[in-house]
Amino acid sequence: MAILRTCCFLALLLLTACGQPYADPATLADSLNPAAVLADLTAAPTLPDAADQFAATLNIDPATVRVRLQSGDCNLCSLRSRPQVASLAGLAVVEAASILNQDDEVSLFIPNFSCTFLYDGTQLTPQRCQHVPV
């Protein structure tokens with residue numbers, strides 16, 4: 001009997017730990033309310049923290065979050081010094097964090113939806129969320 005209780009307890013722990021599965025980023029955008037998502041976001045000290053928060057708000061796997069950076073000053077200069085920001089597919093969070101500059105606009109996105117943060121050199125502050133065609 002003790003073995004059965006232990007097995008049931010372990011099964012319950014596994015079910016609790018697994019939680020609900022992530023939402024599918026490819027089909028999620030239509031169900032999102034940009035104002036509601038923005039209201040759930042707060043300032044974050046690092047890009048990985050902002051991306052984790054974005055992923056948690058959307059209930060998506062954090063590994064699926066992509067990043068676009070836009071320079072706060074000279075876009076052409078930024079492309080010369082950081083050519084990877086021109087990628088249409090965006091950047092992985094780790095790669096974007098390594099080239100993030102003060103005053104960059106940081107867009108965290110999934111297909112057809114993005115939220116933009118402003119990086120002031122110490123934190124990323126959410127600015128807007130929107131449905132996007134691409």
# chains A, B, ... in the order shown; residues from 1 in each chain; ligands from 1

$ residues_around --residues "segment 89-101 of chain A" --least-positions-apart "4" --cutoff "9 Å" --atoms "only C-alpha atoms" --output "CSV table (one decimal) with C-alpha atoms, in the first residue's frame"
chain,number,residue,atom,x,y,z
A,46,THR,CA,18.3,42.7,-19.1
A,47,LEU,CA,17.2,41.5,-22.5
A,48,PRO,CA,16.9,37.9,-21.4
A,51,ALA,CA,12.3,38.0,-23.3
A,63,ALA,CA,13.4,29.8,-27.0
A,64,THR,CA,10.9,30.9,-29.7
A,65,VAL,CA,11.2,34.6,-29.0
A,66,ARG,CA,13.1,36.5,-31.7
A,67,VAL,CA,14.6,40.0,-31.4
A,68,ARG,CA,15.0,43.0,-33.8
A,69,LEU,CA,17.1,45.9,-32.8
A,71,SER,CA,19.3,52.0,-33.3
A,72,GLY,CA,18.2,55.1,-31.5
A,82,ARG,CA,26.1,45.5,-36.4
A,84,GLN,CA,23.3,41.1,-38.1
A,85,VAL,CA,20.5,43.5,-37.1
A,106,VAL,CA,14.1,46.3,-29.0
A,108,LEU,CA,10.5,41.0,-29.2
A,109,PHE,CA,8.4,39.1,-31.6
A,119,TYR,CA,16.7,50.3,-23.7
A,120,ASP,CA,18.1,53.3,-21.8
A,121,GLY,CA,21.4,51.6,-20.9

$ residues_around --residues "Asp30 of chain A" --least-positions-apart "5" --cutoff "10 Å" --atoms "only C-alpha atoms" --output "tab-separated table (two decimals) with C-alpha atoms, in the first residue's frame"
chain	number	residue	atom	x	y	z
A	112	ASN	CA	2.46	38.47	-36.58
A	113	PHE	CA	2.90	40.03	-33.12
A	131	HIS	CA	-0.11	42.95	-34.54

$ residues_around --residues "Ala35 of chain A" --least-positions-apart "5" --cutoff "9 Å" --atoms "only C-alpha atoms" --output "PyMOL selection string"
chain A and resi 40+128-130

$ write_last_selection --atoms "C-alpha atoms" --output "PDB file, in the first residue's frame"
ATOM      1  CA  ASP A  40       1.245  42.730 -18.261  1.00  0.00           C
ATOM      2  CA  ARG A 128       3.943  49.267 -27.306  1.00  0.00           C
ATOM      3  CA  CYS A 129       2.620  45.938 -28.541  1.00  0.00           C
ATOM      4  CA  GLN A 130       1.015  45.389 -31.921  1.00  0.00           C
TER       5      GLN A 130
END

$ closest_residue --among "A:Pro133, A:Pro126, A:Glu105, A:Ile110" --to "Leu41 of chain A" --atoms "only C-alpha atoms"
A:Pro126

$ atom_distance --atom1 "atom CA of Pro21 of chain A" --atom2 "atom CA of Phe117 of chain A"
26.7 Å

$ closest_residue --among "A:Thr122, A:Gln102, A:Ser107, A:Thr27" --to "Ile60 of chain A" --atoms "only C-alpha atoms"
A:Thr27

$ closest_residue --among "A:Leu58, A:Leu38, A:Ala43, A:Asp52" --to "Asp24 of chain A" --atoms "only C-alpha atoms"
A:Leu58
